[in-house]
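Beneath this line is the structure, given in structure tokens, with notes to follow.
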Amino acid sequence: MYRILLLMKQSLLQQFTQIILSVILLLSLQPSWSATERVALVIGNSAYKDSPLKNPSNDARDMAAKLRKLGFEVEQLINANKRSMKEAIRRFGKKLHQKDTVGLFYFAGHGVQLDGSNYLLPIKAKIESEADIEFEAVNAARVLQQMEQAENNLNLVILDACRNNPFTSSFRSASRGLTKMNAPNGSMILYATSPGNVAADGEGSNGLFTEKLLKMMDEKGLKIEEVFKKTAIAVNQASGKKQSPYIEGFILGDFYFNDSNVTIQQAPEQVTTADPDMASKAENRFWDSVETDPSIDMYQEYLKAYPKGHYAGIAKIKLKKLKHKASPKPVPQVITGKLTIRSNVNDDTVRLNGENKGSSRLDLNLKAGIYALEVSKKGYDTWERNLEVKVGREQTVYAKLKRITTSIPKPDNTNIISTTSNWKGSAIDETCGGVSSNLTLSSDKTGYLSGKGSDSEGEKYIIYGAVKSSGMSLTANGDDNGRISLSCNLNTNGTICSGTWFGSWPDNINCRGTFQLNAQ
């Protein structure tokens, strides 16, 4: 009996041992993708014409930098149109055709759902109705198809594109956020918020979801599920439970963004030559990304990750050149003001502080200060003024010169009729805008006339002439440098004189009209 029990005990022990070994073998077969090839496509669209977003371009740059630091080969697109997005997705799909490759697709920007599909919006999408979506946007399923065809076992899709639909007013069946998608085998889809809800664009330089995700990706030894779970908790708390990130799909095995058992090799400090064979694989990938987008941000990110890397010397030189080009050129200090000088006469002379500057058609840039301005012309009173020129200011000065009044010339005395009457009347312009004038004349008892006139625009005239047997012959000189000839015929009683006038002014202005004078 004892022998039988002993044999049974040994049999059970063997069976238990076999079970333990089977479990260990099964666990050893589960893959871990900590140190395999890692490729990523990162897209961030902010510059939408009708509904721009603040953070997606920042989100994409920061995510790309983080992934490069974690050993990913990254292609980065900022503010991409539809064609560049589709071509980048195609290139991304080709890189996945290796069994042990880990693929990651990240998109930040506007996304909409329509008829059960999710669409990612390029920056130049022209969408006026639902029918335009299929032609103007990129179906997110295109990314999943590339992953499914690649059969590379592990893929991640991260969509921070659950903002409000910017075309709600033109859609018949507008929906919030994104909808669920069927993740291919070995794939996980991470949404910034749950299906049908919207994500916050964020108050800082990153969207709320991406901000929290970037922090969790740095923690060592966390599986992807743990990274996302911690991200979801942080987002939910920070948003006051208004935003709850969502995960879809599953993977066979474990994936670590930052495996505590795997370290990315750094280049030896003494190495200064840019020999790719001596550089670490991760550093080479990072440098390839820098050469694809040789910007100040990229060189700075590289030097931050590899301060003494193989390409550090080159990066510093390139960075210095780019900063020199980008630095704003010094703006010359403005120490002058602009002075424009005009007058009512031609062929005048302008003097500033006694210096002849020519005629009054002047536009001068002068140092700030006080200037004595003189505008003169023979036969006119000199116009004078002290004025101040101020830095960066413009001013216009209009000098109005007045003709010097001298004794009125005596007209031709042929056929002058002696009269003691004074005359009043008016004149009408018939060709230059209908300006009217009032006229007043007095006689010196010998038939000679002198007087004044003024028109509806404020110009004044000196008038002189004589009463002759045929009528009156008059001349008028205006203070705007106009010269006018007037002639009229007397009625039979010698009390009314009606006639016409013709005048000329500077700048080839010629006008004519009628006038009438009545004896007083």
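Each chain in the structure tokens gets a letter, A, B and so on, in the order shown; residues start at 1 in every chain, and ligands are counted from 1 in the order they appear.
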Test item: residues at most 9 Å from A:Thr396, only C-alpha atoms, excluding those fewer than 3 positions along its chain, as a list in words
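Listing them by chain and then by number gives Lys338, Leu339, Thr340, Ile341, Arg342 and Asp363 of chain A.
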Find the residue from A:Asn58, A:Ser84, A:Asn258, A:Asn139 that sits nearest to A:Gly71; use only C-alpha atoms when measuring.
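Among the listed residues, the smallest separation from A:Gly71 belongs to A:Asn258.
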Could you give me, as a short mmCIF file (atom, residue, chain, number, x, y, z; two decimals) with N, CA, C and O atoms, in the first residue's frame, each residue of stretch 270-407 of chain A that DSSP assigns to strand (DSSP E or B) when run on this structure's backbone?
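Resulting contents of selection.cif:
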data_model
loop_
_atom_site.label_atom_id
_atom_site.label_comp_id
_atom_site.auth_asym_id
_atom_site.auth_seq_id
_atom_site.Cartn_x
_atom_site.Cartn_y
_atom_site.Cartn_z
N THR A 336 14.71 111.21 -38.30
CA THR A 336 14.22 112.26 -39.19
C THR A 336 12.70 112.32 -39.19
O THR A 336 12.03 111.41 -38.72
N GLY A 337 12.21 113.41 -39.73
CA GLY A 337 10.78 113.58 -39.97
C GLY A 337 10.60 114.04 -41.41
O GLY A 337 11.54 114.48 -42.08
N LYS A 338 9.39 113.93 -41.91
CA LYS A 338 9.12 114.29 -43.30
C LYS A 338 8.36 115.61 -43.35
O LYS A 338 7.38 115.81 -42.63
N LEU A 339 8.82 116.51 -44.25
CA LEU A 339 8.17 117.80 -44.42
C LEU A 339 7.82 117.97 -45.90
O LEU A 339 8.70 117.90 -46.76
N THR A 340 6.53 118.17 -46.18
CA THR A 340 6.05 118.42 -47.53
C THR A 340 5.66 119.89 -47.65
O THR A 340 4.92 120.40 -46.80
N ILE A 341 6.18 120.58 -48.69
CA ILE A 341 5.94 122.02 -48.85
C ILE A 341 5.24 122.26 -50.19
O ILE A 341 5.70 121.80 -51.24
N ARG A 342 4.12 122.98 -50.15
CA ARG A 342 3.36 123.36 -51.33
C ARG A 342 2.98 124.83 -51.21
O ARG A 342 2.94 125.38 -50.10
N SER A 343 2.68 125.48 -52.37
CA SER A 343 2.20 126.87 -52.33
C SER A 343 1.18 127.08 -53.44
O SER A 343 0.96 126.20 -54.28
N THR A 349 10.39 130.34 -54.61
CA THR A 349 11.68 129.95 -54.03
C THR A 349 11.47 129.61 -52.56
O THR A 349 10.85 130.38 -51.82
N VAL A 350 11.99 128.44 -52.16
CA VAL A 350 11.84 127.98 -50.78
C VAL A 350 13.20 128.01 -50.10
O VAL A 350 14.20 127.52 -50.64
N ARG A 351 13.23 128.59 -48.89
CA ARG A 351 14.46 128.62 -48.10
C ARG A 351 14.17 128.05 -46.72
O ARG A 351 13.17 128.40 -46.09
N LEU A 352 15.07 127.15 -46.27
CA LEU A 352 15.01 126.62 -44.91
C LEU A 352 16.25 127.08 -44.19
O LEU A 352 17.38 126.77 -44.61
N GLU A 355 18.78 128.55 -46.41
CA GLU A 355 19.34 127.75 -47.50
C GLU A 355 18.29 127.53 -48.59
O GLU A 355 17.17 127.11 -48.29
N ASN A 356 18.66 127.82 -49.83
CA ASN A 356 17.74 127.68 -50.96
C ASN A 356 17.49 126.20 -51.23
O ASN A 356 18.41 125.43 -51.50
N LYS A 357 16.21 125.78 -51.19
CA LYS A 357 15.84 124.39 -51.43
C LYS A 357 15.13 124.19 -52.76
O LYS A 357 14.70 123.08 -53.07
N GLY A 358 14.96 125.28 -53.56
CA GLY A 358 14.27 125.15 -54.83
C GLY A 358 12.85 125.62 -54.75
O GLY A 358 12.50 126.49 -53.97
N LEU A 362 8.12 120.25 -52.88
CA LEU A 362 9.19 119.59 -52.16
C LEU A 362 8.65 118.55 -51.18
O LEU A 362 7.64 118.77 -50.50
N ASP A 363 9.37 117.42 -51.09
CA ASP A 363 9.12 116.39 -50.07
C ASP A 363 10.48 116.11 -49.43
O ASP A 363 11.33 115.43 -50.02
N LEU A 364 10.68 116.60 -48.23
CA LEU A 364 12.00 116.58 -47.60
C LEU A 364 12.01 115.69 -46.37
O LEU A 364 11.05 115.67 -45.59
N ASN A 365 13.11 114.93 -46.20
CA ASN A 365 13.38 114.21 -44.95
C ASN A 365 14.42 115.02 -44.18
O ASN A 365 15.55 115.18 -44.63
N LEU A 366 14.02 115.51 -43.03
CA LEU A 366 14.87 116.43 -42.27
C LEU A 366 15.12 115.91 -40.87
O LEU A 366 14.28 115.22 -40.28
N LYS A 367 16.28 116.22 -40.34
CA LYS A 367 16.57 115.90 -38.96
C LYS A 367 15.62 116.69 -38.06
O LYS A 367 15.19 117.78 -38.39
N GLY A 369 14.11 119.09 -35.43
CA GLY A 369 14.58 120.40 -35.00
C GLY A 369 13.64 121.51 -35.42
O GLY A 369 12.58 121.26 -36.01
N ILE A 370 14.03 122.75 -35.14
CA ILE A 370 13.24 123.93 -35.49
C ILE A 370 13.82 124.54 -36.78
O ILE A 370 15.03 124.70 -36.91
N TYR A 371 12.93 124.85 -37.72
CA TYR A 371 13.35 125.40 -39.01
C TYR A 371 12.59 126.70 -39.29
O TYR A 371 11.39 126.81 -38.99
N ALA A 372 13.34 127.68 -39.90
CA ALA A 372 12.72 128.91 -40.38
C ALA A 372 12.44 128.72 -41.87
O ALA A 372 13.36 128.53 -42.67
N LEU A 373 11.15 128.73 -42.24
CA LEU A 373 10.74 128.47 -43.62
C LEU A 373 10.32 129.78 -44.28
O LEU A 373 9.54 130.55 -43.72
N GLU A 374 10.84 130.02 -45.50
CA GLU A 374 10.45 131.18 -46.30
C GLU A 374 10.07 130.71 -47.69
O GLU A 374 10.77 129.92 -48.31
N VAL A 375 8.92 131.20 -48.18
CA VAL A 375 8.50 130.95 -49.56
C VAL A 375 8.26 132.31 -50.20
O VAL A 375 7.48 133.12 -49.70
N SER A 376 8.93 132.57 -51.33
CA SER A 376 8.85 133.91 -51.93
C SER A 376 8.75 133.82 -53.44
O SER A 376 9.12 132.81 -54.06
N TYR A 380 5.04 139.15 -55.00
CA TYR A 380 4.21 138.62 -53.92
C TYR A 380 4.89 138.89 -52.59
O TYR A 380 6.12 138.98 -52.50
N TRP A 383 6.16 134.65 -47.69
CA TRP A 383 5.44 133.86 -46.66
C TRP A 383 6.49 133.28 -45.73
O TRP A 383 7.43 132.60 -46.16
N GLU A 384 6.33 133.50 -44.42
CA GLU A 384 7.32 133.05 -43.45
C GLU A 384 6.66 132.30 -42.30
O GLU A 384 5.55 132.63 -41.88
N ARG A 385 7.40 131.28 -41.80
CA ARG A 385 6.88 130.56 -40.63
C ARG A 385 8.02 129.76 -39.99
O ARG A 385 8.88 129.21 -40.68
N ASN A 386 8.02 129.69 -38.65
CA ASN A 386 8.91 128.80 -37.91
C ASN A 386 8.15 127.52 -37.58
O ASN A 386 7.02 127.57 -37.07
N LEU A 387 8.74 126.38 -37.86
CA LEU A 387 8.04 125.12 -37.62
C LEU A 387 9.01 124.09 -37.05
O LEU A 387 10.23 124.19 -37.19
N GLU A 388 8.43 123.10 -36.38
CA GLU A 388 9.22 122.05 -35.73
C GLU A 388 9.05 120.73 -36.47
O GLU A 388 7.92 120.29 -36.72
N VAL A 389 10.15 120.10 -36.83
CA VAL A 389 10.15 118.77 -37.44
C VAL A 389 10.41 117.76 -36.33
O VAL A 389 11.40 117.86 -35.61
N GLU A 394 5.11 113.10 -40.03
CA GLU A 394 4.96 113.72 -41.34
C GLU A 394 4.05 114.94 -41.20
O GLU A 394 3.05 114.90 -40.48
N GLN A 395 4.41 116.02 -41.89
CA GLN A 395 3.55 117.20 -41.89
C GLN A 395 3.65 117.90 -43.25
O GLN A 395 4.67 117.84 -43.92
N THR A 396 2.53 118.53 -43.61
CA THR A 396 2.45 119.26 -44.88
C THR A 396 2.17 120.73 -44.59
O THR A 396 1.30 121.06 -43.78
N VAL A 397 2.93 121.59 -45.27
CA VAL A 397 2.78 123.04 -45.11
C VAL A 397 2.35 123.62 -46.45
O VAL A 397 2.96 123.33 -47.48
N TYR A 398 1.27 124.41 -46.43
CA TYR A 398 0.78 125.06 -47.65
C TYR A 398 0.97 126.57 -47.50
O TYR A 398 0.34 127.22 -46.66
N ALA A 399 1.90 127.12 -48.30
CA ALA A 399 2.19 128.56 -48.23
C ALA A 399 1.29 129.31 -49.21
O ALA A 399 1.31 129.03 -50.41
N ARG A 403 -0.40 138.59 -53.64
CA ARG A 403 0.20 139.52 -54.59
C ARG A 403 0.39 140.90 -53.93
O ARG A 403 -0.47 141.35 -53.16
#
Residues within 9 Å of stretch 147-159 of chain A, only C-alpha atoms, excluding chain neighbours under 6 positions, as a compact mmCIF listing (two decimals) with all heavy atoms, in the first residue's frame:
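Result file follows (out-v6.txt):
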# COMPACT_ATOMS: atom_id res chain seq x y z
N TRP A 33 8.83 43.91 -27.71
CA TRP A 33 9.36 44.74 -28.80
C TRP A 33 10.16 45.93 -28.27
O TRP A 33 10.10 47.01 -28.80
CB TRP A 33 8.21 45.23 -29.67
CG TRP A 33 7.55 44.13 -30.44
CD1 TRP A 33 8.00 43.56 -31.58
CD2 TRP A 33 6.33 43.46 -30.11
NE1 TRP A 33 7.14 42.57 -31.99
CE2 TRP A 33 6.08 42.48 -31.10
CE3 TRP A 33 5.42 43.56 -29.05
CZ2 TRP A 33 4.99 41.65 -31.09
CZ3 TRP A 33 4.33 42.74 -29.04
CH2 TRP A 33 4.11 41.78 -30.04
N GLY A 93 3.84 52.90 -44.69
CA GLY A 93 3.42 51.52 -44.87
C GLY A 93 4.54 50.63 -45.39
O GLY A 93 4.69 49.47 -44.96
N LYS A 94 5.37 51.16 -46.30
CA LYS A 94 6.47 50.37 -46.85
C LYS A 94 7.51 50.04 -45.78
O LYS A 94 8.12 48.96 -45.79
CB LYS A 94 7.13 51.14 -48.00
CG LYS A 94 6.26 51.24 -49.25
CD LYS A 94 6.98 52.00 -50.35
CE LYS A 94 6.11 52.10 -51.61
NZ LYS A 94 6.78 52.86 -52.70
N LYS A 95 7.72 50.95 -44.84
CA LYS A 95 8.71 50.71 -43.79
C LYS A 95 8.25 49.63 -42.81
O LYS A 95 9.07 49.09 -42.06
CB LYS A 95 8.97 52.01 -43.02
CG LYS A 95 9.65 53.09 -43.84
CD LYS A 95 9.82 54.36 -43.03
CE LYS A 95 10.44 55.48 -43.86
NZ LYS A 95 10.57 56.75 -43.09
N LEU A 96 6.96 49.35 -42.79
CA LEU A 96 6.43 48.36 -41.84
C LEU A 96 6.62 46.92 -42.30
O LEU A 96 6.36 46.00 -41.54
CB LEU A 96 4.94 48.62 -41.61
CG LEU A 96 4.55 49.97 -41.01
CD1 LEU A 96 3.04 50.06 -40.85
CD2 LEU A 96 5.23 50.20 -39.67
N HIS A 97 7.05 46.71 -43.55
CA HIS A 97 7.10 45.36 -44.12
C HIS A 97 8.32 44.59 -43.62
O HIS A 97 9.06 43.99 -44.38
CB HIS A 97 7.09 45.43 -45.64
CG HIS A 97 5.73 45.69 -46.19
ND1 HIS A 97 4.85 44.70 -46.55
CD2 HIS A 97 5.06 46.85 -46.39
CE1 HIS A 97 3.71 45.22 -46.98
NE2 HIS A 97 3.82 46.54 -46.90
N GLN A 98 8.55 44.63 -42.32
CA GLN A 98 9.54 43.79 -41.66
C GLN A 98 8.87 43.22 -40.42
O GLN A 98 8.23 43.95 -39.67
CB GLN A 98 10.79 44.59 -41.27
CG GLN A 98 11.52 45.19 -42.47
CD GLN A 98 12.74 45.98 -42.04
OE1 GLN A 98 13.45 45.56 -41.14
NE2 GLN A 98 12.98 47.10 -42.70
N LYS A 99 9.01 41.93 -40.20
CA LYS A 99 8.21 41.25 -39.19
C LYS A 99 8.36 41.85 -37.80
O LYS A 99 7.40 41.95 -37.05
CB LYS A 99 8.58 39.77 -39.17
CG LYS A 99 7.67 38.94 -38.27
CD LYS A 99 7.98 37.48 -38.38
CE LYS A 99 7.03 36.65 -37.51
NZ LYS A 99 7.30 35.21 -37.58
N ASP A 100 9.56 42.24 -37.44
CA ASP A 100 9.79 42.71 -36.07
C ASP A 100 9.71 44.23 -35.92
O ASP A 100 10.12 44.77 -34.90
CB ASP A 100 11.17 42.23 -35.60
CG ASP A 100 11.22 40.71 -35.46
OD1 ASP A 100 10.17 40.12 -35.17
OD2 ASP A 100 12.31 40.15 -35.65
N THR A 101 9.21 44.89 -36.94
CA THR A 101 9.12 46.36 -36.87
C THR A 101 7.91 46.79 -36.06
O THR A 101 6.82 46.24 -36.19
CB THR A 101 9.04 46.96 -38.28
OG1 THR A 101 10.23 46.62 -38.99
CG2 THR A 101 8.90 48.47 -38.22
N VAL A 102 8.11 47.81 -35.23
CA VAL A 102 7.00 48.44 -34.50
C VAL A 102 6.65 49.73 -35.24
O VAL A 102 7.52 50.57 -35.50
CB VAL A 102 7.41 48.77 -33.05
CG1 VAL A 102 6.30 49.57 -32.36
CG2 VAL A 102 7.69 47.49 -32.28
N GLY A 103 5.38 49.88 -35.61
CA GLY A 103 4.93 51.07 -36.31
C GLY A 103 4.06 51.94 -35.42
O GLY A 103 3.21 51.43 -34.69
N LEU A 104 4.27 53.26 -35.49
CA LEU A 104 3.45 54.18 -34.69
C LEU A 104 3.02 55.33 -35.60
O LEU A 104 3.85 55.98 -36.23
CB LEU A 104 4.24 54.71 -33.49
CG LEU A 104 3.46 55.58 -32.50
CD1 LEU A 104 4.00 55.40 -31.09
CD2 LEU A 104 3.48 57.06 -32.87
N PHE A 105 1.71 55.59 -35.64
CA PHE A 105 1.14 56.71 -36.39
C PHE A 105 0.50 57.67 -35.40
O PHE A 105 -0.30 57.27 -34.55
CB PHE A 105 0.10 56.23 -37.38
CG PHE A 105 -0.60 57.35 -38.12
CD1 PHE A 105 -0.01 57.96 -39.20
CD2 PHE A 105 -1.85 57.81 -37.69
CE1 PHE A 105 -0.64 59.00 -39.87
CE2 PHE A 105 -2.49 58.85 -38.35
CZ PHE A 105 -1.88 59.44 -39.44
N TYR A 106 0.87 58.97 -35.50
CA TYR A 106 0.32 59.99 -34.61
C TYR A 106 -0.24 61.13 -35.45
O TYR A 106 0.41 61.60 -36.38
CB TYR A 106 1.41 60.54 -33.69
CG TYR A 106 0.97 61.72 -32.83
CD1 TYR A 106 0.44 61.52 -31.57
CD2 TYR A 106 1.10 63.02 -33.30
CE1 TYR A 106 0.03 62.61 -30.79
CE2 TYR A 106 0.70 64.10 -32.54
CZ TYR A 106 0.16 63.89 -31.28
OH TYR A 106 -0.25 64.95 -30.52
N PHE A 107 -1.46 61.55 -35.12
CA PHE A 107 -2.06 62.69 -35.82
C PHE A 107 -2.69 63.62 -34.80
O PHE A 107 -3.45 63.20 -33.91
CB PHE A 107 -3.13 62.25 -36.81
CG PHE A 107 -3.81 63.41 -37.50
CD1 PHE A 107 -3.22 64.01 -38.60
CD2 PHE A 107 -5.02 63.92 -37.04
CE1 PHE A 107 -3.82 65.10 -39.23
CE2 PHE A 107 -5.63 65.00 -37.66
CZ PHE A 107 -5.02 65.58 -38.77
N ALA A 108 -2.39 64.93 -34.93
CA ALA A 108 -3.05 65.97 -34.12
C ALA A 108 -3.62 67.00 -35.07
O ALA A 108 -2.93 67.46 -35.98
CB ALA A 108 -2.06 66.61 -33.16
N GLY A 109 -4.86 67.37 -34.88
CA GLY A 109 -5.52 68.33 -35.76
C GLY A 109 -7.01 68.09 -35.77
O GLY A 109 -7.57 67.44 -34.88
N GLY A 111 -10.37 66.33 -36.92
CA GLY A 111 -10.85 65.06 -37.44
C GLY A 111 -12.36 65.04 -37.35
O GLY A 111 -12.95 65.61 -36.43
N ALA A 183 -9.55 47.82 -35.09
CA ALA A 183 -8.09 47.74 -35.11
C ALA A 183 -7.65 46.40 -35.67
O ALA A 183 -8.17 45.34 -35.27
CB ALA A 183 -7.55 47.93 -33.70
N PRO A 184 -6.67 46.39 -36.60
CA PRO A 184 -6.15 45.11 -37.11
C PRO A 184 -5.50 44.31 -35.99
O PRO A 184 -5.15 44.84 -34.93
CB PRO A 184 -5.11 45.55 -38.15
CG PRO A 184 -5.43 46.98 -38.45
CD PRO A 184 -6.04 47.54 -37.21
N ASN A 185 -5.30 43.00 -36.23
CA ASN A 185 -4.66 42.16 -35.22
C ASN A 185 -3.28 42.72 -34.89
O ASN A 185 -2.52 43.14 -35.77
CB ASN A 185 -4.51 40.72 -35.74
CG ASN A 185 -5.86 40.03 -35.85
OD1 ASN A 185 -6.81 40.40 -35.16
ND2 ASN A 185 -5.95 39.03 -36.71
N GLY A 186 -2.96 42.72 -33.59
CA GLY A 186 -1.66 43.21 -33.15
C GLY A 186 -1.56 44.72 -33.18
O GLY A 186 -0.46 45.26 -33.25
N SER A 187 -2.71 45.41 -33.14
CA SER A 187 -2.69 46.88 -33.20
C SER A 187 -3.51 47.46 -32.06
O SER A 187 -4.46 46.85 -31.57
CB SER A 187 -3.27 47.37 -34.54
OG SER A 187 -2.51 46.88 -35.62
N MET A 188 -3.13 48.66 -31.66
CA MET A 188 -3.88 49.40 -30.66
C MET A 188 -4.13 50.81 -31.18
O MET A 188 -3.24 51.40 -31.80
CB MET A 188 -3.13 49.48 -29.33
CG MET A 188 -2.95 48.15 -28.63
SD MET A 188 -2.06 48.31 -27.07
CE MET A 188 -3.25 49.20 -26.10
N ILE A 189 -5.34 51.31 -30.94
CA ILE A 189 -5.69 52.67 -31.32
C ILE A 189 -5.97 53.46 -30.05
O ILE A 189 -6.80 53.05 -29.23
CB ILE A 189 -6.93 52.71 -32.24
CG1 ILE A 189 -6.70 51.83 -33.48
CG2 ILE A 189 -7.23 54.14 -32.67
CD1 ILE A 189 -7.93 51.71 -34.36
N LEU A 190 -5.26 54.55 -29.90
CA LEU A 190 -5.41 55.40 -28.71
C LEU A 190 -6.10 56.69 -29.13
O LEU A 190 -5.58 57.43 -29.97
CB LEU A 190 -4.05 55.71 -28.10
CG LEU A 190 -3.36 54.62 -27.28
CD1 LEU A 190 -3.10 53.39 -28.12
CD2 LEU A 190 -2.03 55.14 -26.71
N TYR A 191 -7.28 56.96 -28.57
CA TYR A 191 -8.03 58.17 -28.87
C TYR A 191 -7.85 59.17 -27.72
O TYR A 191 -7.82 58.78 -26.55
CB TYR A 191 -9.52 57.88 -29.02
CG TYR A 191 -9.88 56.90 -30.09
CD1 TYR A 191 -9.94 55.54 -29.84
CD2 TYR A 191 -10.21 57.34 -31.38
CE1 TYR A 191 -10.30 54.63 -30.82
CE2 TYR A 191 -10.57 56.44 -32.37
CZ TYR A 191 -10.61 55.09 -32.09
OH TYR A 191 -10.96 54.20 -33.07
N ALA A 192 -7.79 60.45 -28.07
CA ALA A 192 -7.63 61.48 -27.04
C ALA A 192 -8.82 61.55 -26.11
O ALA A 192 -8.72 62.03 -24.98
CB ALA A 192 -7.39 62.84 -27.69
N ILE A 251 -2.60 43.79 -28.27
CA ILE A 251 -1.36 43.29 -28.87
C ILE A 251 -0.95 42.02 -28.15
O ILE A 251 -1.28 41.80 -26.98
CB ILE A 251 -0.23 44.33 -28.78
CG1 ILE A 251 0.05 44.73 -27.33
CG2 ILE A 251 -0.56 45.55 -29.61
CD1 ILE A 251 1.24 45.67 -27.15
N LEU A 252 -0.25 41.15 -28.88
CA LEU A 252 0.28 39.93 -28.30
C LEU A 252 1.69 40.21 -27.82
O LEU A 252 2.59 40.47 -28.62
CB LEU A 252 0.28 38.80 -29.34
CG LEU A 252 -1.11 38.42 -29.90
CD1 LEU A 252 -0.97 37.43 -31.04
CD2 LEU A 252 -1.97 37.83 -28.79
N PHE A 255 4.87 45.83 -25.03
CA PHE A 255 5.62 46.91 -25.68
C PHE A 255 5.91 47.98 -24.64
O PHE A 255 5.05 48.40 -23.88
CB PHE A 255 4.84 47.52 -26.84
CG PHE A 255 5.53 48.73 -27.42
CD1 PHE A 255 6.64 48.58 -28.22
CD2 PHE A 255 5.09 50.01 -27.12
CE1 PHE A 255 7.30 49.69 -28.74
CE2 PHE A 255 5.74 51.13 -27.63
CZ PHE A 255 6.85 50.95 -28.44
